[in-house]
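Have a look at query.csv; it's CSV, C-alpha atoms:
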```
chain,number,residue,atom,x,y,z
A,155,MET,CA,0.0,0.0,0.0
A,156,GLU,CA,1.0,3.6,-0.4
A,157,VAL,CA,0.0,6.7,1.5
A,158,VAL,CA,-0.2,9.9,-0.6
A,159,ALA,CA,-0.6,13.5,0.6
A,160,GLY,CA,-0.7,16.9,-1.0
A,161,CYS,CA,0.5,20.1,0.5
A,162,TYR,CA,0.7,23.9,0.2
A,163,GLU,CA,4.2,23.5,-1.3
A,164,GLN,CA,2.7,22.1,-4.5
A,165,VAL,CA,4.1,18.6,-4.0
A,166,LEU,CA,2.4,15.2,-3.8
A,167,PHE,CA,4.2,12.8,-1.5
A,168,GLY,CA,4.0,9.0,-1.8
A,169,PHE,CA,5.2,6.6,0.9
A,170,ALA,CA,5.2,2.8,0.6
A,171,VAL,CA,4.2,1.2,3.9
A,172,HIS,CA,5.2,-2.4,4.9
A,173,PRO,CA,4.3,-4.3,8.0
A,174,GLU,CA,7.3,-5.4,10.1
A,175,PRO,CA,7.4,-8.7,11.9
A,176,GLU,CA,6.3,-8.6,15.5
A,177,ALA,CA,9.1,-8.8,18.0
A,178,ASP,CA,8.6,-10.5,21.3
A,179,GLY,CA,7.2,-8.1,23.8
A,180,HIS,CA,6.9,-5.3,21.4
A,181,ARG,CA,3.8,-4.0,19.6
A,182,GLU,CA,3.5,-4.3,15.9
A,183,ARG,CA,5.0,-1.5,13.8
A,184,TRP,CA,4.8,-0.6,10.2
A,185,ALA,CA,7.7,0.8,8.2
A,186,PRO,CA,7.1,3.7,5.8
A,187,VAL,CA,9.5,4.3,3.0
A,188,ALA,CA,9.6,7.4,0.8
A,189,ASP,CA,8.6,6.2,-2.7
A,190,PHE,CA,8.0,9.3,-4.9
A,191,THR,CA,7.3,13.0,-5.0
A,192,HIS,CA,5.2,14.4,-7.8
A,193,HIS,CA,5.6,18.1,-8.6
A,194,ALA,CA,3.1,18.7,-11.4
A,195,HIS,CA,1.2,21.7,-10.1
A,196,THR,CA,2.1,25.4,-10.1
A,197,ALA,CA,0.0,26.2,-7.0
A,198,SER,CA,-0.9,24.5,-3.7
A,199,LEU,CA,-2.7,21.2,-3.8
A,200,SER,CA,-6.3,21.3,-2.6
A,201,ALA,CA,-7.8,17.8,-3.2
A,202,VAL,CA,-6.7,14.2,-3.9
A,203,ALA,CA,-8.5,11.0,-4.8
A,204,VAL,CA,-7.4,7.5,-5.6
A,205,ASN,CA,-8.7,4.4,-7.3
A,206,SER,CA,-7.0,1.0,-8.1
A,207,ARG,CA,-4.8,2.5,-10.8
A,208,PHE,CA,-4.5,6.3,-10.5
A,209,VAL,CA,-4.0,9.1,-8.0
A,210,VAL,CA,-5.5,12.4,-9.1
A,211,THR,CA,-4.8,15.8,-7.5
A,212,GLY,CA,-6.5,19.1,-7.8
A,213,SER,CA,-4.9,22.5,-7.2
A,214,LYS,CA,-5.4,26.2,-7.0
A,215,ASP,CA,-3.8,26.3,-10.5
A,216,GLU,CA,-7.3,25.1,-11.8
A,217,THR,CA,-6.0,21.8,-13.1
A,218,ILE,CA,-6.4,18.1,-12.3
A,219,HIS,CA,-3.2,16.0,-12.7
A,220,ILE,CA,-3.2,12.3,-13.1
A,221,TYR,CA,-0.5,10.0,-11.7
A,222,ASP,CA,-0.2,6.4,-12.7
A,223,MET,CA,0.6,4.3,-9.6
A,224,LYS,CA,1.5,1.2,-11.5
A,225,LYS,CA,4.1,2.8,-13.8
A,226,LYS,CA,5.0,5.7,-11.4
A,227,VAL,CA,4.7,8.3,-14.1
A,228,ASP,CA,2.7,11.4,-14.8
A,229,HIS,CA,-0.3,10.5,-17.0
A,230,GLY,CA,-1.5,13.9,-18.1
A,231,ALA,CA,-3.8,16.7,-16.9
A,232,LEU,CA,-7.4,17.7,-17.1
A,233,MET,CA,-8.1,21.4,-17.7
A,234,HIS,CA,-11.8,22.0,-17.8
A,235,HIS,CA,-12.4,24.0,-14.7
A,236,ASN,CA,-11.9,27.8,-14.3
A,237,GLY,CA,-11.3,27.9,-10.6
A,238,THR,CA,-9.6,26.2,-7.7
A,239,ILE,CA,-10.4,22.4,-7.7
A,240,THR,CA,-12.1,21.9,-4.3
A,241,CYS,CA,-13.1,18.2,-4.4
A,242,LEU,CA,-12.4,15.0,-6.3
A,243,LYS,CA,-14.2,11.7,-5.9
A,244,PHE,CA,-13.7,8.4,-7.8
A,245,HIS,CA,-16.7,6.1,-8.3
A,246,GLY,CA,-15.1,2.7,-8.9
A,247,ASN,CA,-12.6,2.6,-11.8
A,248,ARG,CA,-14.8,4.1,-14.5
A,249,HIS,CA,-15.8,7.6,-13.3
A,250,LEU,CA,-14.2,10.6,-11.6
A,251,ILE,CA,-16.3,13.5,-10.4
A,252,SER,CA,-14.7,16.9,-9.8
A,253,GLY,CA,-16.0,20.2,-8.2
A,254,ALA,CA,-14.4,23.6,-8.3
A,255,GLU,CA,-14.8,27.3,-7.4
A,256,ASP,CA,-16.3,27.9,-10.9
A,257,GLY,CA,-19.5,26.3,-9.7
A,258,LEU,CA,-19.2,23.3,-12.0
A,259,ILE,CA,-19.4,19.6,-11.2
A,260,CYS,CA,-17.8,17.5,-14.0
A,261,VAL,CA,-18.2,13.8,-14.6
A,262,TRP,CA,-15.2,12.2,-16.3
A,263,ASP,CA,-14.7,8.9,-18.1
A,264,VAL,CA,-11.6,7.4,-16.6
A,265,ARG,CA,-10.9,5.1,-19.5
A,266,ARG,CA,-10.6,8.0,-22.0
A,267,TRP,CA,-10.3,10.9,-19.6
A,268,GLU,CA,-13.1,12.7,-21.3
A,269,CYS,CA,-15.6,15.1,-19.7
A,270,LEU,CA,-18.9,13.3,-20.1
A,271,LYS,CA,-21.0,16.0,-18.4
A,272,ALA,CA,-20.5,19.5,-17.0
A,273,ILE,CA,-23.2,20.5,-14.6
A,274,ARG,CA,-23.8,24.1,-13.5
A,275,ALA,CA,-24.1,23.0,-9.9
A,276,HIS,CA,-24.0,26.1,-7.7
A,277,LYS,CA,-24.2,29.9,-8.2
A,278,GLY,CA,-21.1,30.1,-6.0
A,279,HIS,CA,-18.2,27.7,-5.4
A,280,VAL,CA,-18.7,24.0,-5.1
A,281,THR,CA,-17.2,23.3,-1.7
A,282,PHE,CA,-17.8,19.5,-1.2
A,283,LEU,CA,-19.5,16.6,-2.9
A,284,SER,CA,-20.3,13.0,-2.0
A,285,ILE,CA,-21.3,10.2,-4.3
A,286,HIS,CA,-23.9,7.6,-3.3
A,287,PRO,CA,-22.5,4.0,-3.3
A,288,SER,CA,-24.8,3.2,-6.2
A,289,GLY,CA,-23.2,5.9,-8.3
A,290,LYS,CA,-26.6,7.2,-9.3
A,291,LEU,CA,-26.9,10.1,-6.9
A,292,ALA,CA,-24.5,12.7,-5.5
A,293,LEU,CA,-24.8,15.4,-2.9
A,294,SER,CA,-23.1,18.8,-3.1
A,295,VAL,CA,-22.8,22.0,-1.1
A,296,GLY,CA,-21.6,25.4,-2.2
A,297,THR,CA,-21.2,29.0,-1.2
A,298,ASP,CA,-24.7,29.8,-2.4
A,299,LYS,CA,-26.0,28.3,0.9
A,300,THR,CA,-27.7,25.3,-0.8
A,301,LEU,CA,-27.5,21.6,-0.4
A,302,ARG,CA,-28.2,19.9,-3.7
A,303,THR,CA,-29.0,16.3,-4.7
A,304,TRP,CA,-28.0,15.3,-8.2
A,305,ASN,CA,-29.3,12.6,-10.5
A,306,LEU,CA,-26.0,11.5,-12.1
A,307,VAL,CA,-27.7,9.1,-14.5
A,308,GLU,CA,-29.5,12.0,-16.2
A,309,GLY,CA,-27.1,14.8,-15.2
A,310,ARG,CA,-29.8,17.0,-13.6
A,311,SER,CA,-30.7,18.4,-10.2
A,312,ALA,CA,-33.1,16.2,-8.2
A,313,PHE,CA,-33.5,18.3,-5.0
A,314,ILE,CA,-32.4,21.7,-3.6
A,315,LYS,CA,-32.4,22.6,0.0
A,316,ASN,CA,-31.6,26.1,1.3
A,317,ILE,CA,-29.4,26.2,4.4
A,318,LYS,CA,-28.7,29.0,6.8
A,319,GLN,CA,-24.9,29.0,6.4
A,320,ASN,CA,-22.4,28.0,3.7
A,321,ALA,CA,-21.3,24.4,4.3
A,322,HIS,CA,-17.7,23.3,3.6
A,323,ILE,CA,-17.5,19.7,4.9
A,324,VAL,CA,-18.0,21.3,8.3
A,325,GLU,CA,-20.3,20.5,11.3
A,326,TRP,CA,-20.5,22.5,14.4
A,327,SER,CA,-20.2,21.1,17.9
A,328,PRO,CA,-23.2,21.6,20.3
A,329,LYS,CA,-21.4,24.7,21.7
A,330,GLY,CA,-20.5,26.0,18.3
A,331,GLU,CA,-16.9,26.3,19.1
A,332,LYS,CA,-15.1,23.8,17.0
A,333,ARG,CA,-15.2,23.1,13.3
A,334,VAL,CA,-15.1,19.6,11.8
A,335,SER,CA,-12.4,19.3,9.1
A,336,SER,CA,-12.7,15.6,8.3
A,337,VAL,CA,-15.0,12.6,8.9
A,338,ALA,CA,-14.5,8.9,8.1
A,339,PHE,CA,-16.9,6.0,8.7
A,340,LEU,CA,-15.1,3.2,10.5
A,341,SER,CA,-18.2,1.0,10.2
A,342,GLU,CA,-21.9,1.5,9.5
A,343,SER,CA,-22.5,2.9,13.0
A,344,VAL,CA,-19.1,4.4,14.1
A,345,LEU,CA,-17.8,7.7,12.8
A,346,ALA,CA,-14.4,9.2,13.2
A,347,VAL,CA,-14.4,13.0,13.5
A,348,ALA,CA,-11.5,15.4,13.5
A,349,GLY,CA,-11.5,19.2,13.6
A,350,ASP,CA,-9.5,22.3,14.5
A,351,GLU,CA,-7.6,20.5,17.2
A,352,GLU,CA,-5.2,17.6,17.5
A,353,VAL,CA,-7.8,15.1,18.8
A,354,VAL,CA,-9.7,12.5,16.9
A,355,ARG,CA,-13.1,11.3,18.3
A,356,PHE,CA,-15.1,8.1,17.6
A,357,PHE,CA,-18.9,8.6,17.7
A,358,ASP,CA,-21.6,6.0,17.8
A,359,CYS,CA,-24.2,7.1,15.2
A,360,ASP,CA,-27.0,5.1,16.8
A,361,SER,CA,-26.7,6.4,20.3
A,362,LEU,CA,-25.1,9.8,19.3
A,363,THR,CA,-22.5,9.3,22.0
A,364,CYS,CA,-18.7,9.7,22.0
A,365,LEU,CA,-17.1,6.3,22.3
A,366,SER,CA,-13.5,7.5,22.7
A,367,GLU,CA,-11.0,10.1,21.8
A,368,PHE,CA,-7.2,10.2,21.5
A,369,LYS,CA,-4.5,12.8,20.7
A,370,ALA,CA,-3.4,12.1,17.1
A,371,HIS,CA,-1.2,15.1,16.4
A,372,GLU,CA,0.4,18.2,17.7
A,373,ASN,CA,-1.7,20.4,15.5
A,374,ARG,CA,-5.1,20.3,13.7
A,375,VAL,CA,-6.0,17.1,11.8
A,376,LYS,CA,-6.7,18.1,8.2
A,377,ASP,CA,-7.8,14.8,6.7
A,378,MET,CA,-8.4,11.1,7.5
A,379,PHE,CA,-8.8,7.9,5.6
A,380,SER,CA,-10.0,4.5,6.8
A,381,PHE,CA,-9.4,1.1,5.2
A,382,GLU,CA,-9.3,-2.6,6.0
A,383,THR,CA,-6.9,-5.4,5.1
A,384,PRO,CA,-7.3,-9.1,5.9
A,385,GLU,CA,-5.2,-8.5,9.1
A,386,HIS,CA,-6.0,-5.0,10.2
A,387,HIS,CA,-8.5,-2.1,10.3
A,388,VAL,CA,-6.4,1.1,9.8
A,389,LEU,CA,-7.1,4.8,10.2
A,390,VAL,CA,-4.6,7.2,8.5
A,391,THR,CA,-4.4,10.8,9.6
A,392,ALA,CA,-2.7,13.9,8.1
A,393,SER,CA,-2.1,17.1,10.1
A,394,SER,CA,-0.9,20.6,9.7
A,395,ASP,CA,2.1,19.6,11.8
A,396,GLY,CA,3.5,17.8,8.7
A,397,PHE,CA,3.0,14.3,10.0
A,398,ILE,CA,1.1,11.4,8.4
A,399,LYS,CA,0.2,8.7,11.0
A,400,MET,CA,-1.2,5.2,10.6
A,401,TRP,CA,-3.3,3.8,13.5
A,402,LYS,CA,-4.3,0.2,14.2
A,403,LEU,CA,-8.0,0.3,15.3
A,404,LYS,CA,-9.2,-2.0,18.0
A,405,GLN,CA,-12.3,-4.1,17.6
A,406,ASP,CA,-13.7,-2.3,20.6
A,407,LYS,CA,-13.8,1.4,19.5
A,408,LYS,CA,-14.0,2.5,23.1
A,409,VAL,CA,-10.3,1.6,23.2
A,410,SER,CA,-7.9,4.1,21.7
A,411,PRO,CA,-6.0,2.8,18.6
A,412,SER,CA,-2.3,2.0,18.6
A,413,LEU,CA,0.3,3.8,16.4
A,414,LEU,CA,1.7,1.7,13.5
A,415,CYS,CA,4.0,4.3,12.0
A,416,GLU,CA,4.4,8.0,11.4
A,417,ILE,CA,6.0,10.0,8.6
A,418,ASN,CA,7.3,13.6,8.9
A,419,THR,CA,6.9,15.4,5.6
A,420,ASN,CA,8.1,18.8,6.9
A,421,ALA,CA,5.2,20.3,5.0
A,422,ARG,CA,1.8,21.8,5.8
A,423,LEU,CA,-0.4,18.9,4.7
A,424,THR,CA,-3.9,19.6,3.3
A,425,CYS,CA,-5.3,16.3,1.9
A,426,LEU,CA,-4.7,12.6,2.1
A,427,GLY,CA,-5.4,9.3,0.3
A,428,VAL,CA,-4.3,5.7,0.4
A,429,TRP,CA,-3.6,3.6,-2.7
A,430,LEU,CA,-4.0,-0.1,-2.3
A,431,ASP,CA,-2.7,-2.6,-4.8
A,432,ARG,CA,-5.7,-4.9,-4.9
A,433,ARG,CA,-3.9,-7.6,-6.8
A,434,THR,CA,-1.9,-8.4,-3.6
A,435,ASP,CA,-5.2,-9.1,-1.8
A,436,THR,CA,-6.4,-11.8,-4.1
A,437,LYS,CA,-5.0,-15.3,-4.9
A,438,GLU,CA,-5.5,-14.8,-8.6
A,439,SER,CA,-4.6,-11.7,-10.5
A,440,PRO,CA,-7.5,-10.2,-12.4
A,441,PRO,CA,-7.3,-9.8,-16.2
A,442,ALA,CA,-5.2,-6.9,-17.3
A,443,ALA,CA,-7.2,-3.7,-17.8
A,444,ALA,CA,-7.1,-1.9,-21.1
A,445,GLU,CA,-4.3,0.8,-21.1
A,446,PRO,CA,-5.9,4.2,-21.0
A,447,ALA,CA,-4.5,6.7,-23.5
A,448,PRO,CA,-2.3,9.4,-22.0
A,449,VAL,CA,-4.0,12.8,-21.8
A,450,SER,CA,-2.1,15.5,-23.7
A,451,LYS,CA,-2.3,19.1,-22.8
A,452,GLU,CA,-3.5,20.0,-26.3
A,453,GLN,CA,-6.4,17.5,-26.0
A,454,SER,CA,-7.2,18.7,-22.5
A,455,GLY,CA,-7.3,22.3,-23.6
A,456,HIS,CA,-9.5,21.3,-26.6
A,457,ASN,CA,-11.9,19.4,-24.3
A,458,LYS,CA,-12.1,22.4,-22.0
A,459,GLU,CA,-13.2,24.8,-24.8
A,460,GLU,CA,-15.8,22.3,-26.1
A,461,SER,CA,-17.2,21.6,-22.7
A,462,ALA,CA,-17.4,25.3,-21.8
A,463,HIS,CA,-19.2,25.9,-25.1
A,464,ALA,CA,-21.6,23.1,-24.3
A,465,VAL,CA,-22.4,24.6,-20.9
A,466,GLN,CA,-23.0,28.0,-22.5
A,467,GLU,CA,-25.3,26.5,-25.2
A,468,GLU,CA,-27.2,24.6,-22.5
A,469,GLU,CA,-27.8,27.8,-20.6
A,470,LYS,CA,-29.1,29.6,-23.7
A,471,GLN,CA,-31.8,27.0,-24.3
A,472,PRO,CA,-35.3,28.3,-23.4
A,473,LYS,CA,-36.7,27.0,-20.2
A,474,PRO,CA,-40.1,25.2,-20.3
A,475,ASP,CA,-43.2,27.2,-19.3
A,476,ALA,CA,-43.7,26.8,-15.6
A,477,GLU,CA,-47.5,26.4,-15.9
A,478,LYS,CA,-47.1,23.8,-18.6
A,479,CYS,CA,-44.7,21.8,-16.4
A,480,LEU,CA,-47.1,21.9,-13.5
A,481,THR,CA,-50.1,20.7,-15.5
A,482,GLY,CA,-48.2,18.1,-17.4
A,483,ASP,CA,-50.1,18.8,-20.6
A,484,SER,CA,-49.2,21.7,-22.9
A,485,ASN,CA,-52.6,21.4,-24.8
A,486,LYS,CA,-54.6,22.1,-21.7
A,487,PRO,CA,-55.7,25.7,-21.1
A,488,THR,CA,-53.9,27.6,-18.4
A,489,SER,CA,-55.6,28.8,-15.2
A,490,GLY,CA,-56.0,32.3,-16.7
A,491,ASN,CA,-57.8,31.0,-19.8
A,492,SER,CA,-60.1,28.9,-17.7
A,493,LEU,CA,-61.1,31.9,-15.6
A,494,ALA,CA,-61.8,34.0,-18.8
A,495,SER,CA,-64.0,31.2,-20.2
A,496,ALA,CA,-66.0,31.0,-16.9
A,497,LYS,CA,-66.7,34.7,-17.0
A,498,LYS,CA,-67.8,34.5,-20.6
A,499,ARG,CA,-70.2,31.7,-19.8
A,500,LYS,CA,-71.7,33.6,-16.9
A,501,THR,CA,-72.2,36.7,-19.1
A,502,VAL,CA,-74.1,34.6,-21.8
A,503,GLU,CA,-76.3,33.1,-19.1
A,504,MET,CA,-77.3,36.5,-17.7
A,505,SER,CA,-78.1,37.7,-21.2
A,506,GLU,CA,-80.4,34.7,-21.8
A,507,LYS,CA,-82.3,35.4,-18.5
A,508,LYS,CA,-82.8,39.1,-19.5
A,509,ARG,CA,-84.1,38.1,-23.0
A,510,LYS,CA,-86.6,35.6,-21.5
A,511,LYS,CA,-88.0,38.3,-19.0
A,512,LYS,CA,-88.6,40.7,-21.9
A,513,LYS,CA,-90.6,38.1,-23.8
A,514,ILE,CA,-92.8,37.5,-20.7
```

Rewrite the coordinates I just gave you, this time as structure tokens.
Amino acid sequence: MEVVAGCYEQVLFGFAVHPEPEADGHRERWAPVADFTHHAHTASLSAVAVNSRFVVTGSKDETIHIYDMKKKVDHGALMHHNGTITCLKFHGNRHLISGAEDGLICVWDVRRWECLKAIRAHKGHVTFLSIHPSGKLALSVGTDKTLRTWNLVEGRSAFIKNIKQNAHIVEWSPKGEKRVSSVAFLSESVLAVAGDEEVVRFFDCDSLTCLSEFKAHENRVKDMFSFETPEHHVLVTASSDGFIKMWKLKQDKKVSPSLLCEINTNARLTCLGVWLDRRTDTKESPPAAAEPAPVSKEQSGHNKEESAHAVQEEEKQPKPDAEKCLTGDSNKPTSGNSLASAKKRKTVEMSEKKRKKKKI
């Protein structure tokens, strides 16, 4: 496995981690070894995501860079957004979803690294997004004070909820004093929460109680990642103090985890990911995946212009009449026409009555 972390200093760090044999009377330790550094961006890194083959990083330079973990080489860049990349999420090995300060959410085909859909998601920045396990829905929050649900199958908005404050993967404590900077599910009912302090807390989602807490770093915890191997359940933390730490979780979450290893990057860390070579976890290697074509800067720039034009064209299209959408039948008269018809009928009836009185 490898731990990857981005920082303000524009660098992506990669560390290979190997378990060491347990010595008599000593707790188990893991040995981290510096594997690579990737300096592809021209500004600080703001987001990172991993799948079974690639690590992608987003930056304030408005680009997404792709790093091939199998070959340990740069695989190209995606340049569709016009703002800081704020969030990156893989769904399996086929799709990548990105959000940025330009208000767009983009869905990418990982096999060809093409932008399949650019959604005008928020009037302000997209600050965070989350993909449903089914891959059919996504949630996003932005600086326009809205929480939005997206139908990824059709590429349209499914629900909009106005909120009182801008959300940025943050939740406030009951006293409103501390901000949450990262959360990670350790199980269906246990949530790890870290914020503007050096402590990580484990919460039971069913009883809404704090199971345990432990001091993880000397400064605020910026990001966390949880994963399982056949032997261990591991929580990885990254902090502004420059350290990446790997913790062995106990089966009883009321017991604090034990430290497996720590890495001092001497950098102000901002984001974290863990790349796992899945082939090592299975007895038989899966069939080789088709080699994705490298993404050239020229192709990325061309895709960016085409996608931006597509978004503009989509915005120019006339919106359907609101009353027609509500009635569901464009041939039916609107409420205004119905009212006019009723008045006309009433006038005719009154005229008929007057005419009959005159005859009498």

Pull the neighbourhood of (-8.7, 17.8, 10.6) for me: all residues within 10 Å in file coordinates, counting all atoms listed in the file, as a short mmCIF file (atom, residue, chain, number, x, y, z; two decimals) with C-alpha atoms, in the coordinates of the input.
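Saved as point_34.cif:
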```cif
data_model
loop_
_atom_site.label_atom_id
_atom_site.label_comp_id
_atom_site.auth_asym_id
_atom_site.auth_seq_id
_atom_site.Cartn_x
_atom_site.Cartn_y
_atom_site.Cartn_z
CA ARG A 333 -15.20 23.10 13.30
CA VAL A 334 -15.10 19.60 11.80
CA SER A 335 -12.40 19.30 9.10
CA SER A 336 -12.70 15.60 8.30
CA VAL A 337 -15.00 12.60 8.90
CA VAL A 347 -14.40 13.00 13.50
CA ALA A 348 -11.50 15.40 13.50
CA GLY A 349 -11.50 19.20 13.60
CA ASP A 350 -9.50 22.30 14.50
CA GLU A 351 -7.60 20.50 17.20
CA GLU A 352 -5.20 17.60 17.50
CA VAL A 353 -7.80 15.10 18.80
CA VAL A 354 -9.70 12.50 16.90
CA HIS A 371 -1.20 15.10 16.40
CA ASN A 373 -1.70 20.40 15.50
CA ARG A 374 -5.10 20.30 13.70
CA VAL A 375 -6.00 17.10 11.80
CA LYS A 376 -6.70 18.10 8.20
CA ASP A 377 -7.80 14.80 6.70
CA MET A 378 -8.40 11.10 7.50
CA THR A 391 -4.40 10.80 9.60
CA ALA A 392 -2.70 13.90 8.10
CA SER A 393 -2.10 17.10 10.10
CA SER A 394 -0.90 20.60 9.70
CA THR A 424 -3.90 19.60 3.30
CA CYS A 425 -5.30 16.30 1.90
#
```

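The gap separating atom CA of A:His192 from atom CA of A:Lys226 is 9.4 Å, in Å to one decimal.
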
In the coordinate frame of the file, compute which residues have an atom within 6 Å of (1.8, 7.9, -2.1) when using all atoms listed in the file, and state them as a ChimeraX atom specification.
/A:156-158,167-169

Near A:Arg422, within 8 Å and counting all atoms listed in the file, which residues show up once chain neighbours fewer than 6 positions away are dropped, as a PyMOL selection string?
chain A and resi 161-163+393-396

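Interatomic distance, atom CA of A:Val165 to atom CA of A:Ile239: 15.4 Å.
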